[in-house]
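Novice: Before I ask anything, let me first share the structure, which is written out below as C-alpha cells.
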Amino acid sequence: MAHLVDTSDASDRDPVHDFEVIAGELAAFSEKLAEKPVIVVATKLDATTDRTRLEQLRDFCGSRGLEFHAISSASGEGIPQLVRAIADALDRSHPGRGRLSR
C-alpha cells in the first residue's frame, strides 16, 4: 500500500499527523489493510522549498522502519525509484510468480 502525503509549501498540515490519522482509519476499517506492507510517499517535491516537513516525515518513517520515497509528478523526480520499490514489494508479496516486468 502506498500512502501519498503532501509535504509541499502549499500545505500547512503536519504530514506525520496526516499519515497517522489515515493509518488509524485504515486499521479501524480493516485489520487486513493495516497489516499490508506500506510505502510512504512524500508528494509535490517540486513545490517543496522548505524541506522541514519532508524531513520530519522521512525521519518518522525511518524510526518506524517504513519505506519512504519523495516524488514529483510534475518533474518526474523520484518516480522511477518509487516504481521499482512498488514492483519489488509486489514481487515479495507474490513469491513464485516470477519477476514483474519493468
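Here, A, B, ... name the chains of the C-alpha cells in the order displayed, residue numbers run from 1 inside each chain, and ligands are numbered from 1 in the same displayed order.
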Would you kindly return, as a PyMOL selection string, each protein, DNA or RNA residue with an atom no farther than 10 Å from any atom of range 7-12 of chain A, considering only C-alpha atoms and excluding same-chain residues fewer than 6 positions away?
Specialist: chain A and resi 41-57+70
Novice: Write the residues you've just listed into a file as a short mmCIF file (atom, residue, chain, number, x, y, z; two decimals), in the first residue's frame, and include N, CA and C atoms for each of them.
Specialist:
data_model
loop_
_atom_site.label_atom_id
_atom_site.label_comp_id
_atom_site.auth_asym_id
_atom_site.auth_seq_id
_atom_site.Cartn_x
_atom_site.Cartn_y
_atom_site.Cartn_z
N VAL A 41 4.96 7.94 0.67
CA VAL A 41 5.43 8.74 -0.45
C VAL A 41 5.12 10.21 -0.20
N ALA A 42 6.18 11.00 -0.05
CA ALA A 42 6.02 12.45 0.06
C ALA A 42 5.85 12.98 -1.36
N THR A 43 4.80 13.74 -1.58
CA THR A 43 4.48 14.22 -2.92
C THR A 43 4.80 15.71 -3.07
N LYS A 44 4.73 16.14 -4.32
CA LYS A 44 4.91 17.55 -4.69
C LYS A 44 6.30 18.07 -4.32
N LEU A 45 7.29 17.21 -4.53
CA LEU A 45 8.66 17.58 -4.23
C LEU A 45 9.08 18.85 -4.97
N ASP A 46 8.56 19.03 -6.18
CA ASP A 46 8.89 20.22 -6.97
C ASP A 46 8.35 21.50 -6.33
N ALA A 47 7.36 21.40 -5.47
CA ALA A 47 6.75 22.55 -4.82
C ALA A 47 7.14 22.63 -3.34
N THR A 48 8.26 22.00 -3.00
CA THR A 48 8.71 21.94 -1.62
C THR A 48 10.07 22.64 -1.50
N THR A 49 10.05 23.91 -1.14
CA THR A 49 11.32 24.62 -0.94
C THR A 49 11.75 24.53 0.52
N ASP A 50 10.78 24.57 1.43
CA ASP A 50 11.08 24.36 2.85
C ASP A 50 10.96 22.86 3.11
N ARG A 51 12.08 22.21 3.31
CA ARG A 51 12.12 20.75 3.43
C ARG A 51 11.87 20.26 4.85
N THR A 52 11.47 21.13 5.76
CA THR A 52 11.28 20.73 7.16
C THR A 52 10.27 19.60 7.30
N ARG A 53 9.08 19.78 6.74
CA ARG A 53 8.02 18.75 6.86
C ARG A 53 8.43 17.48 6.13
N LEU A 54 9.09 17.62 5.00
CA LEU A 54 9.58 16.46 4.26
C LEU A 54 10.55 15.65 5.12
N GLU A 55 11.50 16.32 5.74
CA GLU A 55 12.49 15.63 6.57
C GLU A 55 11.86 15.06 7.84
N GLN A 56 10.85 15.73 8.40
CA GLN A 56 10.15 15.18 9.57
C GLN A 56 9.47 13.86 9.21
N LEU A 57 8.84 13.83 8.04
CA LEU A 57 8.18 12.61 7.59
C LEU A 57 9.21 11.52 7.31
N ALA A 70 10.31 10.18 -1.90
CA ALA A 70 9.83 11.53 -2.19
C ALA A 70 9.75 11.67 -3.71
#
Novice: DSSP on the backbone, then: every residue of chain A marked strand (DSSP E or B), written as a list in words.
Specialist: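 So the strand (DSSP E or B) residues in chain A would be Ala2, His3, Leu4, Val5, Asp6, Ile39, Val40, Val41, Ala42, Thr43, Glu67, Phe68, His69 and Ala70 of chain A.
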Novice: Would you list the contacts of Gly24 in chain A as a compact mmCIF listing (two decimals) with all heavy atoms, in the first residue's frame, taking every protein, DNA or RNA residue within 9 Å and counting only C-alpha atoms, but skipping same-chain residues closer than 5 positions in sequence?
Specialist:
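Wrote around_36.txt, looks like this:
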# COMPACT_ATOMS: atom_id res chain seq x y z
N PHE A 19 -0.40 11.17 8.16
CA PHE A 19 -0.12 9.75 7.96
C PHE A 19 -0.73 8.93 9.09
O PHE A 19 -1.38 7.91 8.85
CB PHE A 19 1.38 9.48 7.86
CG PHE A 19 1.69 8.02 7.84
CD1 PHE A 19 1.58 7.29 6.67
CD2 PHE A 19 2.07 7.35 9.00
CE1 PHE A 19 1.84 5.92 6.65
CE2 PHE A 19 2.34 6.00 8.99
CZ PHE A 19 2.22 5.28 7.82
N PHE A 29 -10.98 0.40 9.90
CA PHE A 29 -11.82 -0.15 8.84
C PHE A 29 -11.55 -1.63 8.62
O PHE A 29 -12.47 -2.43 8.45
CB PHE A 29 -11.60 0.63 7.54
CG PHE A 29 -12.40 0.11 6.38
CD1 PHE A 29 -13.75 0.36 6.29
CD2 PHE A 29 -11.78 -0.63 5.39
CE1 PHE A 29 -14.49 -0.13 5.23
CE2 PHE A 29 -12.51 -1.11 4.31
CZ PHE A 29 -13.87 -0.87 4.23
N ALA A 34 -4.49 -2.81 7.58
CA ALA A 34 -3.46 -2.31 8.48
C ALA A 34 -2.22 -3.20 8.48
O ALA A 34 -1.13 -2.73 8.79
CB ALA A 34 -4.03 -2.20 9.90
Novice: Would you please extract all alpha helix (DSSP H) residues from chain A, as assigned by DSSP on the backbone, and give them as JSON, numbers by chain?
Specialist: {"A": [15, 16, 17, 18, 19, 20, 21, 22, 23, 24, 25, 26, 27, 28, 29, 31, 32, 33, 34, 35, 52, 53, 54, 55, 56, 57, 58, 59, 60, 61, 62, 63, 64, 79, 80, 81, 82, 83, 84, 85, 86, 87, 88, 89, 90, 91, 92, 93]}
Novice: What is the distance, in Å and to one decimal place, between CA of Glu67 in chain A and CA of Val40 in chain A?
Specialist: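 These atoms are spaced 6.1 Å apart.
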Novice: Measuring between only C-alpha atoms, which one of A:Phe60, A:Val83, A:Pro95, A:Ala27 shows the shortest distance to Asp14 in chain A?
Specialist: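 For Asp14 in chain A, the nearest of the candidates is A:Phe60.
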Novice: From the options A:Asp91, A:Val38, A:Arg13, A:Ala2, which residue's atoms come nearest to Leu66 in chain A, counting only C-alpha atoms?
Specialist: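 So, comparing all the options, the nearest one is A:Val38.
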Novice: Go through A:Asp18, A:Asp59, A:Arg84, A:Met1 one by one, measure the shortest atom-to-atom distance of each to Lys32 in chain A using only C-alpha atoms, and give the residue with the smallest value.
Specialist: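 Between A:Asp18, A:Asp59, A:Arg84, A:Met1, the residue approaching Lys32 in chain A most closely is A:Met1.
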